[in-house]
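Just model31.cif here, mmCIF, C-alpha atoms:
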data_upload
loop_
_atom_site.label_atom_id
_atom_site.label_comp_id
_atom_site.auth_asym_id
_atom_site.auth_seq_id
_atom_site.Cartn_x
_atom_site.Cartn_y
_atom_site.Cartn_z
CA MET A 13 -12.56 -15.05 -13.56
CA VAL A 14 -11.38 -11.86 -15.18
CA LYS A 15 -9.33 -12.14 -18.33
CA ILE A 16 -5.85 -10.69 -18.06
CA GLU A 17 -5.99 -9.19 -21.56
CA GLU A 18 -9.12 -7.28 -20.63
CA VAL A 19 -7.55 -5.96 -17.45
CA VAL A 20 -4.44 -4.91 -19.36
CA LYS A 21 -6.55 -3.10 -21.94
CA GLY A 22 -8.39 -1.30 -19.15
CA VAL A 23 -5.18 -0.35 -17.35
CA LEU A 24 -3.71 1.16 -20.50
CA ALA A 25 -6.94 3.11 -21.03
CA GLY A 26 -6.70 4.45 -17.48
CA ASP A 27 -9.83 2.64 -16.29
CA LYS A 28 -9.90 2.71 -12.48
CA ARG A 29 -11.64 -0.61 -12.00
CA SER A 30 -9.07 -2.37 -14.18
CA VAL A 31 -6.21 -0.70 -12.32
CA ALA A 32 -7.71 -1.86 -9.02
CA ARG A 33 -8.15 -5.41 -10.32
CA ALA A 34 -4.64 -5.47 -11.73
CA ILE A 35 -3.15 -4.48 -8.38
CA THR A 36 -5.11 -7.25 -6.67
CA MET A 37 -3.74 -9.71 -9.21
CA VAL A 38 -0.11 -8.75 -8.65
CA GLU A 39 -0.69 -9.00 -4.91
CA ASN A 40 -2.26 -12.43 -5.02
CA SER A 41 -0.72 -14.38 -7.85
CA PRO A 42 2.88 -14.43 -9.07
CA GLU A 43 1.78 -16.06 -12.33
CA GLU A 44 -0.82 -13.40 -13.11
CA ALA A 45 1.63 -10.73 -12.02
CA GLN A 46 4.15 -11.96 -14.52
CA SER A 47 1.85 -11.89 -17.55
CA LEU A 48 0.29 -8.61 -16.47
CA ILE A 49 3.58 -6.80 -15.98
CA ALA A 50 4.96 -8.25 -19.20
CA ALA A 51 1.99 -6.75 -21.04
CA VAL A 52 2.06 -3.28 -19.49
CA TYR A 53 5.83 -2.91 -19.22
CA PRO A 54 6.34 -1.16 -22.60
CA ASN A 55 3.99 1.56 -21.38
CA THR A 56 5.84 2.25 -18.15
CA GLY A 57 8.74 4.55 -17.42
CA LYS A 58 6.87 7.82 -17.87
CA ALA A 59 5.83 8.68 -14.32
CA HIS A 60 7.91 10.39 -11.66
CA ILE A 61 7.96 7.99 -8.72
CA LEU A 62 8.29 9.44 -5.23
CA GLY A 63 8.95 7.53 -2.04
CA LEU A 64 7.87 9.04 1.24
CA THR A 65 9.23 7.50 4.39
CA GLY A 66 9.66 8.43 8.04
CA PRO A 67 8.61 7.42 11.53
CA GLY A 68 4.98 6.83 12.48
CA GLY A 69 3.28 10.01 13.61
CA SER A 70 5.46 12.29 11.52
CA GLY A 71 2.50 13.15 9.28
CA LYS A 72 3.17 11.19 6.11
CA SER A 73 -0.46 10.65 5.08
CA THR A 74 -1.51 14.20 5.90
CA LEU A 75 1.41 15.59 3.93
CA ILE A 76 0.60 13.37 0.95
CA GLU A 77 -2.94 14.71 0.92
CA LYS A 78 -1.59 18.25 0.58
CA MET A 79 0.98 17.16 -2.01
CA ILE A 80 -1.79 15.63 -4.14
CA ARG A 81 -3.73 18.89 -3.97
CA GLU A 82 -0.68 20.85 -5.10
CA TYR A 83 -0.01 18.47 -7.99
CA ARG A 84 -3.66 18.66 -9.03
CA ARG A 85 -3.42 22.48 -9.03
CA ARG A 86 -0.52 22.06 -11.41
CA GLY A 87 -2.62 19.85 -13.66
CA LYS A 88 -0.86 16.58 -12.85
CA THR A 89 -2.54 13.25 -12.18
CA VAL A 90 -1.43 11.31 -9.10
CA GLY A 91 -1.38 7.68 -8.00
CA ILE A 92 -0.76 6.74 -4.37
CA ILE A 93 0.23 3.44 -2.82
CA ALA A 94 0.03 3.59 0.95
CA VAL A 95 1.69 0.67 2.68
CA ASP A 96 0.80 -0.49 6.19
CA PRO A 97 2.15 -3.48 8.10
CA THR A 98 0.63 -6.95 8.12
CA SER A 99 0.38 -8.65 11.50
CA PRO A 100 2.95 -11.44 11.55
CA PHE A 101 0.65 -13.38 13.86
CA THR A 102 -2.72 -13.27 12.14
CA GLY A 103 -1.80 -12.23 8.59
CA GLY A 104 -4.39 -9.48 8.80
CA ALA A 105 -3.85 -5.75 8.40
CA PHE A 106 -5.55 -2.50 9.28
CA LEU A 107 -5.11 -0.07 6.41
CA GLY A 108 -5.93 3.44 7.59
CA ASP A 109 -3.67 5.73 5.58
CA ARG A 110 -6.35 6.89 3.22
CA ILE A 111 -8.50 8.30 6.03
CA ARG A 112 -6.55 11.53 5.60
CA MET A 113 -6.95 11.52 1.84
CA GLN A 114 -10.61 10.59 1.54
CA GLU A 115 -11.70 13.99 0.23
CA LEU A 116 -9.62 13.33 -2.87
CA THR A 117 -11.05 9.87 -3.49
CA THR A 118 -13.65 11.06 -5.97
CA ASP A 119 -11.19 13.18 -7.99
CA ASP A 120 -10.79 11.44 -11.35
CA GLY A 121 -7.12 12.39 -11.55
CA VAL A 122 -6.32 10.60 -8.30
CA PHE A 123 -6.05 6.89 -7.53
CA ILE A 124 -5.34 5.76 -3.98
CA ARG A 125 -4.59 2.18 -3.05
CA SER A 126 -3.83 0.80 0.41
CA MET A 127 -1.47 -2.14 0.53
CA ALA A 128 -0.45 -4.48 3.35
CA THR A 129 3.21 -5.55 3.56
CA ARG A 130 2.18 -9.22 3.81
CA ASN A 131 5.29 -9.56 5.96
CA ASN A 132 7.72 -8.39 3.31
CA PRO A 133 10.61 -6.71 5.14
CA GLY A 134 11.94 -3.27 4.27
CA GLY A 135 8.87 -1.06 4.62
CA ILE A 136 7.02 -1.90 1.41
CA ALA A 137 5.16 -4.94 0.04
CA LYS A 138 6.47 -7.37 -2.53
CA ALA A 139 3.75 -6.21 -4.90
CA THR A 140 4.48 -2.50 -4.44
CA LYS A 141 6.94 -2.42 -7.32
CA ASP A 142 4.42 -4.02 -9.70
CA ALA A 143 1.60 -1.80 -8.47
CA VAL A 144 3.75 1.23 -9.29
CA LYS A 145 4.22 -0.10 -12.82
CA ILE A 146 0.47 -0.54 -13.20
CA LEU A 147 -0.22 3.04 -12.09
CA ASP A 148 2.57 4.23 -14.38
CA ALA A 149 1.10 2.37 -17.34
CA SER A 150 -2.36 3.76 -16.53
CA GLY A 151 -0.99 7.22 -17.25
CA LYS A 152 -0.46 8.77 -13.82
CA ASP A 153 2.08 11.62 -13.98
CA VAL A 154 3.27 11.27 -10.41
CA ILE A 155 3.20 8.19 -8.19
CA ILE A 156 3.72 8.49 -4.46
CA VAL A 157 4.62 5.44 -2.39
CA GLU A 158 4.08 5.86 1.34
CA THR A 159 6.11 3.30 3.29
CA VAL A 160 5.14 1.87 6.65
CA GLY A 161 6.14 4.06 9.57
CA ALA A 162 9.84 3.54 9.21
CA GLY A 163 12.64 3.36 11.71
CA GLN A 164 16.15 2.94 10.41
CA SER A 165 16.16 0.00 8.07
CA GLU A 166 13.08 0.47 5.89
CA VAL A 167 15.11 1.34 2.83
CA GLU A 168 13.60 -1.00 0.22
CA ILE A 169 11.89 2.07 -1.20
CA ILE A 170 15.07 3.05 -3.08
CA LYS A 171 14.49 0.10 -5.37
CA VAL A 172 11.12 1.52 -6.36
CA ALA A 173 11.23 5.32 -6.21
CA GLN A 174 13.32 7.91 -8.01
CA THR A 175 13.02 10.72 -5.49
CA ILE A 176 13.08 9.79 -1.82
CA ILE A 177 11.56 12.14 0.71
CA VAL A 178 12.38 11.47 4.34
CA ILE A 179 9.98 13.13 6.73
CA HIS A 180 10.41 13.79 10.41
CA ALA A 181 8.67 15.92 13.00
CA PRO A 182 9.89 17.58 16.17
CA GLY A 183 8.72 16.17 19.45
CA LEU A 184 8.43 12.54 18.42
CA GLY A 185 10.57 11.70 21.42
CA ASP A 186 13.68 10.29 19.91
CA GLU A 187 14.20 13.38 17.78
CA ILE A 188 16.51 12.98 14.85
CA GLN A 189 18.09 9.81 16.20
CA ALA A 190 15.27 7.95 14.52
CA ILE A 191 16.51 8.84 11.08
CA LYS A 192 20.18 8.26 11.52
CA ALA A 193 22.03 5.79 9.29
CA GLY A 194 19.99 3.82 6.73
CA ILE A 195 16.99 5.98 6.20
CA MET A 196 19.05 9.15 6.55
CA GLU A 197 21.35 8.14 3.73
CA ILE A 198 18.62 7.49 1.19
CA ALA A 199 17.05 10.95 1.41
CA ASP A 200 16.99 13.18 -1.64
CA ILE A 201 14.85 15.67 0.23
CA PHE A 202 14.24 16.09 3.95
CA VAL A 203 10.97 17.36 5.31
CA ILE A 204 10.55 18.63 8.84
CA ASN A 205 6.81 18.50 9.29
CA LYS A 206 4.81 20.13 12.11
CA ALA A 207 7.21 23.04 11.69
CA ASP A 208 4.95 25.27 13.74
CA ARG A 209 6.03 23.38 16.82
CA GLU A 210 8.88 24.50 18.95
CA ASN A 211 12.14 22.68 18.28
CA ALA A 212 11.44 22.61 14.53
CA ASP A 213 14.51 24.74 13.89
CA LYS A 214 16.57 22.49 16.10
CA ALA A 215 15.44 19.50 14.03
CA VAL A 216 16.52 21.31 10.86
CA MET A 217 19.88 22.12 12.40
CA ASP A 218 20.37 18.52 13.50
CA ILE A 219 19.93 17.34 9.93
CA GLN A 220 22.15 20.08 8.59
CA ALA A 221 24.85 19.09 11.03
CA MET A 222 24.59 15.50 9.94
CA LEU A 223 24.72 16.37 6.26
CA GLN A 224 27.86 18.41 6.88
CA LEU A 225 29.57 15.39 8.41
CA ASP A 226 29.18 13.69 5.08
CA ASN A 227 32.25 14.97 3.29
CA LYS A 228 31.77 13.09 0.04
CA GLU A 229 31.49 15.41 -2.93
CA LYS A 230 27.91 15.30 -4.06
CA ALA A 231 26.18 16.63 -7.15
CA TRP A 232 22.94 16.92 -5.18
CA THR A 233 22.78 18.08 -1.59
CA PRO A 234 19.46 17.11 0.00
CA PRO A 235 17.52 20.25 0.86
CA ILE A 236 15.56 20.50 4.10
CA ILE A 237 12.00 21.78 3.73
CA LYS A 238 9.82 22.86 6.64
CA THR A 239 6.11 22.05 6.30
CA VAL A 240 2.92 22.18 8.31
CA ALA A 241 0.94 19.43 6.61
CA LEU A 242 -2.28 20.32 8.41
CA THR A 243 -2.42 23.78 6.82
CA GLY A 244 -0.41 23.01 3.70
CA GLU A 245 2.29 25.48 4.60
CA GLY A 246 5.56 24.76 2.80
CA VAL A 247 3.99 22.21 0.45
CA PRO A 248 4.38 24.30 -2.76
CA GLN A 249 8.06 24.73 -1.88
CA LEU A 250 8.36 20.98 -1.35
CA ILE A 251 6.83 20.24 -4.75
CA GLU A 252 9.20 22.81 -6.30
CA LYS A 253 12.18 20.94 -4.78
CA ILE A 254 10.82 17.60 -5.97
CA GLU A 255 10.56 18.99 -9.50
CA GLU A 256 14.09 20.37 -9.20
CA HIS A 257 15.34 16.93 -8.18
CA TRP A 258 13.52 15.40 -11.15
CA ARG A 259 15.23 17.84 -13.54
CA PHE A 260 18.54 17.05 -11.85
CA LEU A 261 17.99 13.31 -12.33
CA GLN A 262 17.14 13.78 -15.98
CA LYS A 263 20.52 15.37 -16.61
CA GLY A 264 22.05 11.90 -16.58
CA LEU A 265 21.65 10.22 -13.23
CA LEU A 266 18.23 8.85 -14.12
CA HIS A 267 19.66 6.73 -16.90
CA LYS A 268 22.41 5.40 -14.65
CA ARG A 269 19.91 4.59 -11.91
CA SER A 270 17.56 2.97 -14.41
CA LEU A 271 20.35 0.65 -15.45
CA GLU A 272 21.14 -0.17 -11.82
CA LYS A 273 17.48 -0.78 -11.11
CA ALA A 274 17.14 -2.95 -14.19
CA GLU A 275 20.12 -5.02 -13.08
CA ALA A 276 18.77 -5.42 -9.56
CA GLU A 277 15.38 -6.50 -10.87
CA LEU A 278 16.91 -8.89 -13.36
CA VAL A 279 19.18 -10.50 -10.76
CA GLU A 280 16.28 -10.82 -8.34
CA ALA A 281 14.10 -12.42 -11.00
CA ILE A 282 16.86 -14.88 -11.88
CA LYS A 283 17.31 -15.75 -8.20
CA ASP A 284 13.58 -16.34 -7.81
CA LYS A 285 13.35 -18.53 -10.87
CA VAL A 286 16.49 -20.54 -10.15
CA THR A 287 15.65 -21.05 -6.49
CA SER A 288 12.08 -22.16 -7.04
CA SER A 289 12.95 -24.51 -9.88
CA ILE A 290 15.80 -26.12 -7.95
CA ILE A 291 13.72 -26.49 -4.81
CA LYS A 292 10.87 -28.00 -6.80
CA LYS A 293 13.27 -30.51 -8.33
CA LEU A 294 14.92 -31.37 -5.00
CA LYS A 295 11.62 -31.88 -3.25
CA ARG A 296 10.75 -34.58 -5.74
CA GLU A 297 13.84 -36.56 -4.80
CA LYS A 298 13.86 -39.23 -2.12
CA ARG A 299 17.02 -37.99 -0.47
CA PHE A 300 15.28 -34.69 0.36
CA GLU A 301 13.11 -36.40 2.99
CA GLU A 302 16.05 -38.43 4.09
CA ILE A 303 18.27 -35.42 4.67
CA LEU A 304 15.47 -33.60 6.50
CA ARG A 305 15.36 -36.45 8.95
CA ARG A 306 19.13 -36.32 9.37
CA ILE A 307 18.97 -32.60 10.13
CA VAL A 308 16.32 -33.20 12.77
CA ASP A 309 18.40 -36.02 14.27
CA ARG A 310 21.40 -33.68 14.42
CA GLU A 311 23.44 -35.87 12.13
CA ILE A 312 24.07 -32.96 9.76
CA ASP A 313 23.54 -29.19 9.95
CA PRO A 314 21.22 -27.43 7.46
CA VAL A 315 23.94 -25.56 5.55
CA SER A 316 26.07 -28.66 5.00
CA ALA A 317 22.91 -30.50 4.01
CA ALA A 318 22.12 -27.84 1.42
CA GLU A 319 25.64 -28.11 0.03
CA LYS A 320 25.32 -31.86 -0.21
CA LEU A 321 22.02 -31.62 -2.07
CA LEU A 322 23.21 -28.92 -4.42
CA ASP A 323 26.53 -30.58 -5.21
CA GLN A 324 25.00 -32.81 -7.84
CA ILE A 325 22.87 -30.09 -9.40
CA LEU A 326 25.40 -27.30 -9.63
CA GLU A 327 28.23 -29.51 -10.84
CA MET B 25 4.23 -17.98 2.67
CA GLN B 26 1.90 -15.01 2.47
CA SER B 27 0.94 -15.49 -1.14
CA GLY B 28 -2.57 -16.25 -2.22
CA ARG B 29 -5.75 -14.39 -1.79
CA LYS B 30 -6.68 -12.25 1.20
CA ILE B 31 -10.19 -11.11 1.95
CA ARG B 32 -10.26 -7.32 1.62
CA VAL B 33 -12.95 -5.54 3.61
CA LEU B 34 -13.94 -1.88 3.57
CA ILE B 35 -15.36 -0.57 6.82
CA ALA B 36 -17.12 2.68 6.04
CA LYS B 37 -18.94 5.32 8.04
CA PRO B 38 -21.57 7.02 5.91
CA GLY B 39 -23.36 10.12 7.10
CA LEU B 40 -22.81 12.65 9.80
CA ASP B 41 -22.53 10.84 13.13
CA SER B 42 -19.14 10.80 14.80
CA HIS B 43 -19.33 7.52 16.66
CA ASP B 44 -16.89 5.06 15.21
CA ARG B 45 -16.18 2.89 18.22
CA GLY B 46 -18.24 0.06 16.78
CA ALA B 47 -16.73 0.41 13.32
CA LYS B 48 -13.24 0.23 14.79
CA VAL B 49 -14.05 -2.79 16.96
CA VAL B 50 -15.37 -4.65 13.91
CA ALA B 51 -12.38 -3.52 11.80
CA ARG B 52 -10.01 -4.82 14.41
CA ALA B 53 -11.82 -8.12 14.80
CA LEU B 54 -11.72 -8.74 11.06
CA ARG B 55 -8.05 -7.81 10.94
CA ASP B 56 -7.33 -10.25 13.75
CA ALA B 57 -9.15 -12.89 11.73
CA GLY B 58 -6.52 -12.44 9.02
CA MET B 59 -8.29 -10.03 6.69
CA GLU B 60 -7.04 -6.80 5.16
CA VAL B 61 -9.31 -4.08 6.46
CA ILE B 62 -9.50 -0.63 4.93
CA TYR B 63 -11.08 2.04 7.09
CA THR B 64 -12.46 5.23 5.56
CA GLY B 65 -12.77 7.40 8.63
CA LEU B 66 -15.85 9.42 9.54
CA ARG B 67 -18.50 11.28 7.57
CA GLN B 68 -18.22 9.66 4.19
CA THR B 69 -20.53 10.38 1.30
CA PRO B 70 -21.96 7.44 -0.68
CA GLU B 71 -19.79 8.56 -3.61
CA GLN B 72 -16.61 8.40 -1.51
CA ILE B 73 -17.48 4.99 -0.10
CA VAL B 74 -18.21 3.42 -3.48
CA GLU B 75 -15.16 5.01 -5.12
CA THR B 76 -13.00 3.68 -2.26
CA ALA B 77 -14.46 0.20 -2.66
CA LEU B 78 -13.62 0.37 -6.36
CA GLN B 79 -10.02 1.58 -5.95
CA GLU B 80 -9.31 -0.82 -3.10
CA ASP B 81 -10.96 -3.70 -4.99
CA VAL B 82 -12.64 -4.99 -1.84
CA ASP B 83 -14.67 -8.17 -1.53
CA VAL B 84 -16.89 -6.96 1.29
CA ILE B 85 -18.20 -3.62 2.57
CA GLY B 86 -19.34 -3.10 6.16
CA LEU B 87 -21.41 0.05 6.68
CA SER B 88 -21.64 1.45 10.18
CA ILE B 89 -24.27 4.04 10.93
CA LEU B 90 -25.80 5.45 14.08
CA SER B 91 -27.33 8.65 12.78
CA GLY B 92 -30.62 7.18 11.62
CA ALA B 93 -30.00 8.24 8.03
CA HIS B 94 -29.58 4.70 6.73
CA MET B 95 -32.81 4.72 4.74
CA ALA B 96 -31.52 7.76 2.84
CA LEU B 97 -27.85 6.79 2.46
CA PHE B 98 -27.87 3.02 1.95
CA PRO B 99 -30.08 3.02 -1.18
CA ARG B 100 -27.78 5.60 -2.76
CA ILE B 101 -24.71 3.46 -1.95
CA MET B 102 -26.33 0.36 -3.44
CA GLU B 103 -27.33 2.32 -6.52
CA LEU B 104 -23.79 3.63 -7.05
CA LEU B 105 -22.31 0.16 -6.56
CA LYS B 106 -24.55 -1.11 -9.33
CA GLU B 107 -23.66 1.86 -11.52
CA LYS B 108 -19.95 1.15 -11.16
CA GLY B 109 -20.41 -2.55 -11.80
CA LEU B 110 -19.44 -3.60 -8.27
CA THR B 111 -22.32 -6.03 -8.04
CA ASP B 112 -20.26 -8.90 -6.67
CA VAL B 113 -19.29 -7.00 -3.52
CA VAL B 114 -21.08 -8.26 -0.40
CA VAL B 115 -22.51 -5.43 1.72
CA PHE B 116 -23.45 -5.77 5.38
CA ALA B 117 -24.49 -3.12 7.87
CA GLY B 118 -24.31 -2.45 11.56
CA GLY B 119 -25.19 0.19 14.12
CA ILE B 120 -28.54 1.52 15.20
CA ILE B 121 -30.97 0.21 12.62
CA PRO B 122 -34.61 -0.40 13.64
CA GLU B 123 -35.95 -3.89 13.09
CA GLU B 124 -38.72 -2.67 10.79
CA ASP B 125 -36.22 -1.17 8.33
CA ILE B 126 -34.33 -4.41 7.81
CA PRO B 127 -36.62 -6.03 5.23
CA GLU B 128 -36.45 -2.93 3.06
CA LEU B 129 -32.64 -2.82 3.36
CA LYS B 130 -32.39 -6.46 2.38
CA LYS B 131 -34.58 -5.78 -0.60
CA ILE B 132 -32.11 -3.21 -1.94
CA GLY B 133 -29.22 -5.65 -1.58
CA ILE B 134 -27.81 -5.23 1.95
CA LYS B 135 -27.03 -8.86 2.71
CA GLU B 136 -27.05 -8.74 6.51
CA VAL B 137 -27.71 -6.31 9.34
CA PHE B 138 -26.01 -6.67 12.71
CA GLY B 139 -27.49 -4.89 15.69
CA PRO B 140 -25.75 -3.59 18.80
CA GLY B 141 -24.21 -6.30 20.96
CA THR B 142 -23.55 -8.69 18.09
CA PRO B 143 -20.48 -10.75 19.08
CA THR B 144 -17.56 -10.04 16.75
CA GLU B 145 -17.26 -13.80 16.16
CA THR B 146 -20.65 -13.73 14.47
CA ILE B 147 -19.49 -11.02 12.07
CA ILE B 148 -16.16 -12.75 11.36
CA LYS B 149 -17.96 -16.00 10.62
CA TYR B 150 -20.42 -14.21 8.38
CA VAL B 151 -17.68 -12.51 6.34
CA LEU B 152 -15.59 -15.68 6.02
CA GLU B 153 -18.59 -17.61 4.77
CA ASN B 154 -20.00 -14.96 2.48
CA ALA B 155 -17.02 -13.18 0.93
CA PRO B 156 -17.36 -13.81 -2.80
CA LYS B 157 -14.90 -16.28 -4.24
CA ARG B 158 -14.36 -14.22 -7.32
CA ARG B 159 -10.70 -14.75 -7.97
#

Translate this file's structure into structure tokens.
Amino acid sequence: MVKIEEVVKGVLAGDKRSVARAITMVENSPEEAQSLIAAVYPNTGKAHILGLTGPGGSGKSTLIEKMIREYRRRGKTVGIIAVDPTSPFTGGAFLGDRIRMQELTTDDGVFIRSMATRNNPGGIAKATKDAVKILDASGKDVIIVETVGAGQSEVEIIKVAQTIIVIHAPGLGDEIQAIKAGIMEIADIFVINKADRENADKAVMDIQAMLQLDNKEKAWTPPIIKTVALTGEGVPQLIEKIEEHWRFLQKGLLHKRSLEKAEAELVEAIKDKVTSSIIKKLKREKRFEEILRRIVDREIDPVSAAEKLLDQILE
Amino acid sequence: MQSGRKIRVLIAKPGLDSHDRGAKVVARALRDAGMEVIYTGLRQTPEQIVETALQEDVDVIGLSILSGAHMALFPRIMELLKEKGLTDVVVFAGGIIPEEDIPELKKIGIKEVFGPGTPTETIIKYVLENAPKRR
């Protein structure tokens, strides 16, 4: 058994093994996660957290590899959390995102971690948020979260990242339809990857057209960057835009968003605590079993049953 | 529901051969048995494999090799694992590995060697039974 204090000490010193262990802990144990995060939290809040999302096959992993190289050229250290789906049937997962980044594995300024969703909805894992905090506390300048190949509703990433990059590529079949609504609305920066293919300009125009439909006055209009991730073309420009967005956020929006994020996290934590303590209490009562039976026998529906059980507690 | 520990396995391809059919079949079988399987892709150096095992905090490493360079690459991998303090990670190997090399490989710490045609059930069972219970 590894001591949490030792792991925390290692994380704060930037020790890779400790960071790896810490991420495993927050994935596996809510109790360990709580003490770990409590200990490292004062040392977080320094990194720029990027979220990269888009449909499968758009080139997310390949683009990240080139982004890391560009950040390293600029002297920045980078942490990556690459999320892949867990099979809802077997609970297993195949994590292959780092295949494209393997050359950077041995760079001391880079830490790459693959993470399975463990059936958390929304495109990231439950532990992703905590893993980001661990990488932040370990001193990484930039943290990139790669979501699962997203469709339209994988928007959980906005709760974790400060700059959201939505990537698409021409010729994926459904064209820009795939990033309408949801995912479209969370983008701070659009990337059209595989821009050497025909129809790349059409993809850019499609997004432009959609952005123009949005007539709300905005302080930041998402730019559209064309890249060829395989060759690295357009990546320096992308990093430039990301830095520009970071400077824009720091002019005031970052503080506002931090408050919103803090509130969301607090409310969620309260919900978790309240729910689990109430359920624990209820399960100890005799009438819990009794009401279960009544639900099965169709004497009462589950929602009414819940109301009945909670009546006494919430009064 | 999904909380608790998952066995994390690294399937790695050291050396220069480009045949990863076997590695992928094993990776898939282990995934279907409920494990989280990280795959490195082809042509990995011992340094890359060990660094990946460290960052991914895996319990088990499966090395797949068909190039014949196992007697050169495996000792280096085992040495690096020791250097980095990853001594509790269970390492098994598969691919084309001559019978006479196996005792030597076991001596340097490779726990098991699976030859061609090994049923995936055998490998799953082996990993389930031998993954270290370290957390």

- Task: I would like the residues chosen by the PyMOL selection byres ((chain A and resi 47) around 12) on the shown file; could you give them as a list in words?
- Result: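 After applying the PyMOL selection byres ((chain A and resi 47) around 12), what remains is Lys15, Ile16, Glu17, Val19, Val20, Ala34, Met37, Val38, Ser41, Pro42, Glu43, Glu44, Ala45, Gln46, Leu48, Ile49, Ala50, Ala51, Val52, Tyr53 and Asp142 of chain A.
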
Which residues match the PyMOL selection byres ((chain A) within 8 of (chain B)) in the file above, as a PDB file with C-alpha atoms, in the coordinates of the input?
ATOM      1  CA  MET A  13     -12.560 -15.050 -13.560  1.00  0.00           C
ATOM      2  CA  VAL A  14     -11.380 -11.860 -15.180  1.00  0.00           C
ATOM      3  CA  LYS A  28      -9.900   2.710 -12.480  1.00  0.00           C
ATOM      4  CA  ARG A  29     -11.640  -0.610 -12.000  1.00  0.00           C
ATOM      5  CA  VAL A  31      -6.210  -0.700 -12.320  1.00  0.00           C
ATOM      6  CA  ALA A  32      -7.710  -1.860  -9.020  1.00  0.00           C
ATOM      7  CA  ARG A  33      -8.150  -5.410 -10.320  1.00  0.00           C
ATOM      8  CA  THR A  36      -5.110  -7.250  -6.670  1.00  0.00           C
ATOM      9  CA  GLU A  39      -0.690  -9.000  -4.910  1.00  0.00           C
ATOM     10  CA  ASN A  40      -2.260 -12.430  -5.020  1.00  0.00           C
ATOM     11  CA  SER A  41      -0.720 -14.380  -7.850  1.00  0.00           C
ATOM     12  CA  THR A 102      -2.720 -13.270  12.140  1.00  0.00           C
ATOM     13  CA  GLY A 103      -1.800 -12.230   8.590  1.00  0.00           C
ATOM     14  CA  GLY A 104      -4.390  -9.480   8.800  1.00  0.00           C
ATOM     15  CA  ALA A 105      -3.850  -5.750   8.400  1.00  0.00           C
ATOM     16  CA  PHE A 106      -5.550  -2.500   9.280  1.00  0.00           C
ATOM     17  CA  LEU A 107      -5.110  -0.070   6.410  1.00  0.00           C
ATOM     18  CA  GLY A 108      -5.930   3.440   7.590  1.00  0.00           C
ATOM     19  CA  ARG A 110      -6.350   6.890   3.220  1.00  0.00           C
ATOM     20  CA  ILE A 111      -8.500   8.300   6.030  1.00  0.00           C
ATOM     21  CA  GLN A 114     -10.610  10.590   1.540  1.00  0.00           C
ATOM     22  CA  GLU A 115     -11.700  13.990   0.230  1.00  0.00           C
ATOM     23  CA  THR A 117     -11.050   9.870  -3.490  1.00  0.00           C
ATOM     24  CA  THR A 118     -13.650  11.060  -5.970  1.00  0.00           C
ATOM     25  CA  PHE A 123      -6.050   6.890  -7.530  1.00  0.00           C
ATOM     26  CA  ILE A 124      -5.340   5.760  -3.980  1.00  0.00           C
ATOM     27  CA  ARG A 125      -4.590   2.180  -3.050  1.00  0.00           C
ATOM     28  CA  SER A 126      -3.830   0.800   0.410  1.00  0.00           C
ATOM     29  CA  ALA A 128      -0.450  -4.480   3.350  1.00  0.00           C
ATOM     30  CA  ARG A 130       2.180  -9.220   3.810  1.00  0.00           C
ATOM     31  CA  ASN A 131       5.290  -9.560   5.960  1.00  0.00           C
TER      32      ASN A 131
END

- Task: Using atom CA of Pro67 of chain A and atom CA of Trp258 of chain A as the two end points, give the distance in Å to one decimal.
- Result: 24.5 Å

Expand the PyMOL selection byres ((chain B and resi 41) around 7) into the explicit residue set it covers here, and present it as an mmCIF file with C-alpha atoms, in the coordinates of the input.
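To be explicit, this is the file written out as expr03.cif:
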data_model
loop_
_atom_site.group_PDB
_atom_site.id
_atom_site.type_symbol
_atom_site.label_atom_id
_atom_site.label_comp_id
_atom_site.auth_asym_id
_atom_site.auth_seq_id
_atom_site.Cartn_x
_atom_site.Cartn_y
_atom_site.Cartn_z
ATOM 1 C CA GLY B 39 -23.360 10.120 7.100
ATOM 2 C CA LEU B 40 -22.810 12.650 9.800
ATOM 3 C CA SER B 42 -19.140 10.800 14.800
ATOM 4 C CA HIS B 43 -19.330 7.520 16.660
ATOM 5 C CA ARG B 67 -18.500 11.280 7.570
ATOM 6 C CA LEU B 90 -25.800 5.450 14.080
ATOM 7 C CA SER B 91 -27.330 8.650 12.780
#

Once 6 Å is added on each side, what are the centre and the three edge lengths, in Å to one decimal, of the axis-aligned box enclosing the listed atoms of segment 257-267 of chain A? Present them as lines of an AutoDock Vina configuration file.
center_x = 17.8
center_y = 12.3
center_z = -12.5
size_x = 20.5
size_y = 23.1
size_z = 20.7

- Item | Contact residues around Phe260 of chain A with all atoms listed in the file at 10 Å, ignoring same-chain residues under 5 positions, as a VMD selection string | chain A and resid 231 to 232 254 to 255 265 to 266

- Fewer than 4 positions away in the same chain doesn't count, so skip those; otherwise give me all residues within 12 Å of Ser316 of chain A, counting only C-alpha atoms, as a PyMOL selection string. chain A and resi 303-304+306-307+310-312+320-323

Restrict the selected residues to C-alpha atoms and save them as a compact mmCIF listing (two decimals), keeping the file's coordinate frame.
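Result file out.txt:
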# COMPACT_ATOMS: atom_id res chain seq x y z
CA ILE A 303 18.27 -35.42 4.67
CA LEU A 304 15.47 -33.60 6.50
CA ARG A 306 19.13 -36.32 9.37
CA ILE A 307 18.97 -32.60 10.13
CA ARG A 310 21.40 -33.68 14.42
CA GLU A 311 23.44 -35.87 12.13
CA ILE A 312 24.07 -32.96 9.76
CA LYS A 320 25.32 -31.86 -0.21
CA LEU A 321 22.02 -31.62 -2.07
CA LEU A 322 23.21 -28.92 -4.42
CA ASP A 323 26.53 -30.58 -5.21
